[in-house]
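Visitor: Pasting entry-v5.txt here (compact mmCIF, N, CA and C atoms):
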```
# COMPACT_ATOMS: atom_id res chain seq x y z
N MET A 1 -9.19 4.25 -47.05
CA MET A 1 -8.42 5.00 -46.08
C MET A 1 -7.03 4.36 -45.96
N ASP A 2 -6.00 5.19 -45.99
CA ASP A 2 -4.63 4.73 -45.78
C ASP A 2 -4.44 4.26 -44.35
N THR A 3 -3.38 3.53 -44.12
CA THR A 3 -3.05 3.13 -42.76
C THR A 3 -2.12 4.17 -42.14
N ILE A 4 -2.13 4.24 -40.83
CA ILE A 4 -1.28 5.19 -40.11
C ILE A 4 0.17 4.70 -40.20
N LYS A 5 1.05 5.58 -40.62
CA LYS A 5 2.46 5.24 -40.77
C LYS A 5 3.29 6.10 -39.83
N ASN A 6 4.35 5.53 -39.32
CA ASN A 6 5.28 6.24 -38.45
C ASN A 6 6.19 7.12 -39.32
N ASN A 7 5.96 8.43 -39.26
CA ASN A 7 6.75 9.35 -40.07
C ASN A 7 6.88 10.68 -39.33
N PRO A 8 8.06 10.95 -38.74
CA PRO A 8 8.26 12.21 -38.01
C PRO A 8 8.00 13.47 -38.84
N LEU A 9 8.08 13.36 -40.15
CA LEU A 9 7.81 14.52 -41.00
C LEU A 9 6.34 14.89 -41.00
N MET A 10 5.49 14.01 -40.47
CA MET A 10 4.06 14.28 -40.41
C MET A 10 3.65 14.97 -39.11
N ILE A 11 4.62 15.40 -38.32
CA ILE A 11 4.31 16.16 -37.11
C ILE A 11 4.10 17.61 -37.51
N ALA A 12 2.96 18.15 -37.15
CA ALA A 12 2.64 19.55 -37.45
C ALA A 12 3.44 20.47 -36.52
N ALA A 13 3.58 21.70 -36.90
CA ALA A 13 4.33 22.68 -36.11
C ALA A 13 3.82 22.77 -34.67
N CYS A 14 2.52 22.64 -34.47
CA CYS A 14 1.91 22.79 -33.15
C CYS A 14 2.02 21.54 -32.29
N GLY A 15 2.44 20.42 -32.88
CA GLY A 15 2.57 19.19 -32.12
C GLY A 15 1.54 18.13 -32.45
N LEU A 16 0.58 18.44 -33.31
CA LEU A 16 -0.37 17.42 -33.73
C LEU A 16 0.33 16.45 -34.68
N TYR A 17 -0.15 15.22 -34.74
CA TYR A 17 0.43 14.23 -35.65
C TYR A 17 -0.51 14.02 -36.84
N CYS A 18 -0.21 14.69 -37.95
CA CYS A 18 -1.05 14.63 -39.14
C CYS A 18 -1.14 13.20 -39.69
N GLY A 19 -0.13 12.39 -39.43
CA GLY A 19 -0.11 11.02 -39.94
C GLY A 19 -1.23 10.16 -39.43
N ALA A 20 -1.92 10.58 -38.37
CA ALA A 20 -3.05 9.82 -37.82
C ALA A 20 -4.37 10.57 -38.00
N CYS A 21 -4.35 11.65 -38.74
CA CYS A 21 -5.55 12.46 -38.96
C CYS A 21 -6.44 11.79 -40.01
N ARG A 22 -7.72 11.69 -39.71
CA ARG A 22 -8.67 11.05 -40.61
C ARG A 22 -8.71 11.73 -41.98
N LYS A 23 -8.69 13.07 -42.01
CA LYS A 23 -8.72 13.79 -43.30
C LYS A 23 -7.46 13.48 -44.12
N PHE A 24 -6.31 13.45 -43.46
CA PHE A 24 -5.06 13.11 -44.16
C PHE A 24 -5.12 11.68 -44.70
N LEU A 25 -5.55 10.75 -43.87
CA LEU A 25 -5.60 9.35 -44.25
C LEU A 25 -6.60 9.10 -45.38
N ASN A 26 -7.64 9.94 -45.47
CA ASN A 26 -8.64 9.81 -46.54
C ASN A 26 -8.24 10.59 -47.80
N GLY A 27 -7.06 11.20 -47.79
CA GLY A 27 -6.59 11.94 -48.96
C GLY A 27 -7.24 13.30 -49.14
N LYS A 28 -7.90 13.82 -48.11
CA LYS A 28 -8.58 15.11 -48.20
C LYS A 28 -7.75 16.27 -47.70
N CYS A 29 -6.56 15.98 -47.19
CA CYS A 29 -5.65 17.01 -46.67
C CYS A 29 -4.23 16.53 -46.90
N PRO A 30 -3.33 17.42 -47.36
CA PRO A 30 -1.94 17.02 -47.58
C PRO A 30 -1.10 17.00 -46.30
N GLY A 31 -1.69 17.36 -45.18
CA GLY A 31 -0.92 17.49 -43.93
C GLY A 31 -0.53 18.94 -43.75
N CYS A 32 -0.28 19.34 -42.55
CA CYS A 32 -0.02 20.76 -42.26
C CYS A 32 1.21 21.32 -42.96
N LYS A 33 2.26 20.54 -43.05
CA LYS A 33 3.51 21.04 -43.65
C LYS A 33 3.33 21.37 -45.12
N GLU A 34 2.59 20.53 -45.83
CA GLU A 34 2.42 20.69 -47.28
C GLU A 34 1.18 21.48 -47.68
N ASN A 35 0.37 21.85 -46.72
CA ASN A 35 -0.90 22.50 -47.01
C ASN A 35 -0.73 24.02 -47.15
N GLU A 36 -0.59 24.48 -48.36
CA GLU A 36 -0.43 25.92 -48.60
C GLU A 36 -1.69 26.70 -48.23
N LYS A 37 -2.83 26.03 -48.15
CA LYS A 37 -4.06 26.69 -47.74
C LYS A 37 -4.06 26.99 -46.24
N ALA A 38 -3.13 26.42 -45.51
CA ALA A 38 -3.05 26.62 -44.05
C ALA A 38 -2.29 27.89 -43.69
N SER A 39 -2.32 28.87 -44.58
CA SER A 39 -1.61 30.12 -44.32
C SER A 39 -2.23 30.87 -43.13
N TRP A 40 -3.44 30.50 -42.74
CA TRP A 40 -4.11 31.09 -41.58
C TRP A 40 -3.47 30.65 -40.26
N CYS A 41 -2.69 29.56 -40.27
CA CYS A 41 -2.12 29.01 -39.04
C CYS A 41 -0.90 29.82 -38.59
N LYS A 42 -1.06 30.56 -37.52
CA LYS A 42 0.01 31.41 -37.01
C LYS A 42 1.18 30.60 -36.45
N ILE A 43 0.89 29.43 -35.92
CA ILE A 43 1.96 28.57 -35.38
C ILE A 43 2.84 28.08 -36.52
N ARG A 44 2.23 27.61 -37.57
CA ARG A 44 2.96 27.14 -38.76
C ARG A 44 3.82 28.25 -39.33
N LYS A 45 3.23 29.44 -39.44
CA LYS A 45 3.95 30.59 -39.98
C LYS A 45 5.15 30.95 -39.10
N CYS A 46 4.96 30.95 -37.78
CA CYS A 46 6.03 31.28 -36.84
C CYS A 46 7.19 30.29 -36.99
N CYS A 47 6.86 29.00 -37.05
CA CYS A 47 7.91 27.98 -37.20
C CYS A 47 8.63 28.14 -38.54
N GLN A 48 7.89 28.42 -39.60
CA GLN A 48 8.52 28.63 -40.91
C GLN A 48 9.47 29.82 -40.87
N GLU A 49 9.04 30.91 -40.24
CA GLU A 49 9.88 32.11 -40.15
C GLU A 49 11.14 31.85 -39.34
N LYS A 50 11.05 30.99 -38.33
CA LYS A 50 12.20 30.66 -37.49
C LYS A 50 13.06 29.54 -38.09
N GLY A 51 12.55 28.90 -39.14
CA GLY A 51 13.28 27.81 -39.77
C GLY A 51 13.32 26.55 -38.92
N ILE A 52 12.25 26.31 -38.15
CA ILE A 52 12.18 25.13 -37.29
C ILE A 52 11.01 24.25 -37.71
N HIS A 53 11.06 22.98 -37.34
CA HIS A 53 10.02 22.02 -37.72
C HIS A 53 8.80 22.12 -36.82
N THR A 54 9.04 22.18 -35.49
CA THR A 54 7.92 22.27 -34.54
C THR A 54 8.28 23.26 -33.43
N CYS A 55 7.29 23.57 -32.63
CA CYS A 55 7.49 24.45 -31.47
C CYS A 55 8.46 23.84 -30.46
N ALA A 56 8.70 22.54 -30.53
CA ALA A 56 9.63 21.88 -29.61
C ALA A 56 11.05 22.41 -29.79
N GLU A 57 11.35 22.96 -30.94
CA GLU A 57 12.68 23.51 -31.21
C GLU A 57 12.82 24.97 -30.77
N CYS A 58 11.73 25.58 -30.36
CA CYS A 58 11.74 26.98 -29.95
C CYS A 58 12.16 27.09 -28.49
N GLU A 59 12.78 28.21 -28.16
CA GLU A 59 13.24 28.43 -26.78
C GLU A 59 12.10 28.76 -25.82
N LYS A 60 10.95 29.18 -26.34
CA LYS A 60 9.81 29.55 -25.49
C LYS A 60 9.08 28.32 -24.97
N ASP A 61 8.49 28.44 -23.80
CA ASP A 61 7.59 27.42 -23.26
C ASP A 61 6.24 27.63 -23.95
N VAL A 62 5.70 26.58 -24.55
CA VAL A 62 4.45 26.73 -25.30
C VAL A 62 3.29 27.22 -24.43
N LYS A 63 3.32 26.92 -23.15
CA LYS A 63 2.24 27.38 -22.28
C LYS A 63 2.31 28.89 -22.05
N GLU A 64 3.47 29.48 -22.29
CA GLU A 64 3.65 30.93 -22.15
C GLU A 64 3.56 31.65 -23.49
N CYS A 65 3.63 30.91 -24.58
CA CYS A 65 3.64 31.49 -25.93
C CYS A 65 2.23 31.91 -26.34
N LYS A 66 2.08 33.17 -26.70
CA LYS A 66 0.77 33.70 -27.10
C LYS A 66 0.33 33.15 -28.47
N ILE A 67 1.28 32.74 -29.28
CA ILE A 67 0.93 32.19 -30.60
C ILE A 67 0.40 30.77 -30.44
N HIS A 68 1.08 29.94 -29.68
CA HIS A 68 0.67 28.54 -29.49
C HIS A 68 -0.53 28.43 -28.56
N ASN A 69 -0.56 29.22 -27.54
CA ASN A 69 -1.58 29.13 -26.51
C ASN A 69 -2.61 30.25 -26.70
N ASN A 70 -3.34 30.18 -27.81
CA ASN A 70 -4.32 31.22 -28.13
C ASN A 70 -5.75 30.70 -27.99
N PHE A 71 -6.72 31.54 -28.27
CA PHE A 71 -8.13 31.18 -28.12
C PHE A 71 -8.51 29.98 -28.97
N VAL A 72 -8.10 29.97 -30.24
CA VAL A 72 -8.43 28.87 -31.14
C VAL A 72 -7.84 27.57 -30.61
N GLY A 73 -6.60 27.62 -30.13
CA GLY A 73 -5.95 26.44 -29.57
C GLY A 73 -6.68 25.93 -28.34
N LYS A 74 -7.12 26.85 -27.49
CA LYS A 74 -7.86 26.46 -26.29
C LYS A 74 -9.21 25.84 -26.65
N LEU A 75 -9.87 26.39 -27.66
CA LEU A 75 -11.15 25.85 -28.13
C LEU A 75 -10.94 24.45 -28.70
N PHE A 76 -9.92 24.29 -29.54
CA PHE A 76 -9.58 23.00 -30.12
C PHE A 76 -9.31 21.98 -29.01
N ALA A 77 -8.54 22.39 -28.00
CA ALA A 77 -8.21 21.51 -26.88
C ALA A 77 -9.46 21.06 -26.15
N PHE A 78 -10.39 21.97 -25.95
CA PHE A 78 -11.64 21.65 -25.26
C PHE A 78 -12.49 20.68 -26.08
N LEU A 79 -12.69 20.99 -27.35
CA LEU A 79 -13.57 20.19 -28.20
C LEU A 79 -13.03 18.79 -28.45
N PHE A 80 -11.71 18.67 -28.58
CA PHE A 80 -11.12 17.38 -28.97
C PHE A 80 -10.31 16.73 -27.85
N ASN A 81 -10.42 17.28 -26.63
CA ASN A 81 -9.69 16.74 -25.50
C ASN A 81 -8.19 16.61 -25.83
N SER A 82 -7.67 17.61 -26.48
CA SER A 82 -6.30 17.61 -26.99
C SER A 82 -5.37 18.42 -26.10
N ASP A 83 -4.16 17.91 -25.92
CA ASP A 83 -3.14 18.63 -25.15
C ASP A 83 -1.90 18.80 -26.03
N ARG A 84 -1.96 19.81 -26.90
CA ARG A 84 -0.84 20.05 -27.82
C ARG A 84 0.43 20.43 -27.07
N ALA A 85 0.29 21.12 -25.94
CA ALA A 85 1.47 21.47 -25.14
C ALA A 85 2.17 20.21 -24.65
N ALA A 86 1.38 19.20 -24.25
CA ALA A 86 1.97 17.93 -23.82
C ALA A 86 2.70 17.25 -24.98
N CYS A 87 2.16 17.39 -26.19
CA CYS A 87 2.83 16.85 -27.37
C CYS A 87 4.20 17.50 -27.55
N ILE A 88 4.24 18.81 -27.45
CA ILE A 88 5.51 19.55 -27.59
C ILE A 88 6.49 19.15 -26.50
N HIS A 89 6.02 19.04 -25.28
CA HIS A 89 6.90 18.63 -24.17
C HIS A 89 7.43 17.21 -24.40
N TYR A 90 6.58 16.32 -24.91
CA TYR A 90 7.00 14.96 -25.21
C TYR A 90 8.09 14.96 -26.28
N ILE A 91 7.88 15.74 -27.32
CA ILE A 91 8.87 15.84 -28.41
C ILE A 91 10.20 16.37 -27.86
N ARG A 92 10.14 17.38 -27.02
CA ARG A 92 11.37 17.93 -26.43
C ARG A 92 12.12 16.88 -25.61
N GLU A 93 11.38 16.08 -24.87
CA GLU A 93 12.01 15.11 -23.98
C GLU A 93 12.48 13.85 -24.71
N TYR A 94 11.68 13.35 -25.65
CA TYR A 94 11.98 12.05 -26.27
C TYR A 94 12.33 12.12 -27.75
N GLY A 95 12.08 13.26 -28.39
CA GLY A 95 12.40 13.41 -29.81
C GLY A 95 11.22 13.15 -30.73
N GLU A 96 11.36 13.62 -31.95
CA GLU A 96 10.30 13.49 -32.95
C GLU A 96 10.06 12.04 -33.35
N ASP A 97 11.11 11.25 -33.49
CA ASP A 97 10.95 9.84 -33.87
C ASP A 97 10.10 9.10 -32.85
N SER A 98 10.40 9.29 -31.58
CA SER A 98 9.66 8.63 -30.51
C SER A 98 8.20 9.09 -30.48
N PHE A 99 7.99 10.39 -30.68
CA PHE A 99 6.61 10.92 -30.69
C PHE A 99 5.81 10.33 -31.84
N ALA A 100 6.39 10.33 -33.04
CA ALA A 100 5.68 9.77 -34.20
C ALA A 100 5.36 8.29 -33.97
N LYS A 101 6.30 7.57 -33.38
CA LYS A 101 6.08 6.15 -33.09
C LYS A 101 4.93 5.98 -32.09
N LYS A 102 4.94 6.80 -31.04
CA LYS A 102 3.88 6.74 -30.02
C LYS A 102 2.51 7.04 -30.63
N MET A 103 2.42 8.09 -31.43
CA MET A 103 1.14 8.47 -32.03
C MET A 103 0.67 7.38 -33.00
N THR A 104 1.61 6.77 -33.72
CA THR A 104 1.27 5.70 -34.66
C THR A 104 0.73 4.49 -33.89
N GLU A 105 1.43 4.11 -32.84
CA GLU A 105 1.00 2.96 -32.03
C GLU A 105 -0.33 3.23 -31.34
N ASP A 106 -0.52 4.45 -30.84
CA ASP A 106 -1.76 4.81 -30.15
C ASP A 106 -2.90 5.15 -31.11
N LYS A 107 -2.56 5.28 -32.40
CA LYS A 107 -3.54 5.67 -33.43
C LYS A 107 -4.21 6.99 -33.06
N GLN A 108 -3.40 7.96 -32.64
CA GLN A 108 -3.89 9.26 -32.20
C GLN A 108 -3.15 10.37 -32.94
N MET A 109 -3.82 11.50 -33.10
CA MET A 109 -3.14 12.66 -33.68
C MET A 109 -2.72 13.67 -32.62
N THR A 110 -3.06 13.38 -31.35
CA THR A 110 -2.69 14.26 -30.26
C THR A 110 -2.67 13.48 -28.95
N MET A 111 -1.98 14.01 -28.00
CA MET A 111 -2.05 13.45 -26.65
C MET A 111 -3.32 14.00 -26.01
N LYS A 112 -3.97 13.18 -25.25
CA LYS A 112 -5.23 13.59 -24.63
C LYS A 112 -4.97 14.31 -23.31
N LYS A 113 -5.85 15.26 -23.00
CA LYS A 113 -5.77 15.95 -21.71
C LYS A 113 -6.05 14.97 -20.59
N ARG A 114 -5.36 15.16 -19.51
CA ARG A 114 -5.56 14.26 -18.33
C ARG A 114 -6.35 14.96 -17.28
```
In structure tokens, write the structure found in this file.

Guide:
Amino acid sequence: MDTIKNNPLMIAACGLYCGACRKFLNGKCPGCKENEKASWCKIRKCCQEKGIHTCAECEKDVKECKIHNNFVGKLFAFLFNSDRAACIHYIREYGEDSFAKKMTEDKQMTMKKR
């Protein structure tokens, strides 16, 4: 297994940090940005169409966005205690570099729900 590295390019469109994902670290996934098989991801597609890296660059509030805040996202949040909206808000406030550093230090791929 690779070690977790601080790399803002490993932030997924939805706010997850692929750089700390077990599948990525084990070489079983190229990460969301490079994963052409992830064409099912509506968030990734939306960001690509808008020419932005993450939802943090979008003018919409992720909690109001029907693409980011959908059933699959809510299920993922429940199962993994994940708060992707908090990730996006953190990125907006502190930047991608700071978020990647925080996730690397915390060894997490998402901020946990409180």

Visitor: Residues within 8 Å of A:Gly95, please, as a VMD selection string. Count all atoms listed in the file; anything in the same chain fewer than 6 positions from it doesn't count.

Guide: chain A and resid 8 89 101

Visitor: What does the distance from atom CA of A:Thr104 to atom CA of A:Leu16 come to in Å, to one decimal?

Guide: 11.9 Å

Visitor: Using only N, CA and C atoms, which protein or nucleic acid residues come within 8 Å of A:Lys42? Drop anything in the same chain fewer than 6 positions from it, and give the result as number ranges by chain.

Guide: A: 48, 67-68

Visitor: Report, in Å with one decimal, the straight-line distance from atom N of A:Ala85 to atom CA of A:Cys14.

Guide: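 Value for the atom N of A:Ala85-atom CA of A:Cys14 distance: 7.6 Å.
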
Visitor: What does the distance from atom CA of A:Leu25 to atom CA of A:Phe99 come to in Å, to one decimal?

Guide: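 Atom CA of A:Phe99 lies at a distance of 18.3 Å from atom CA of A:Leu25.
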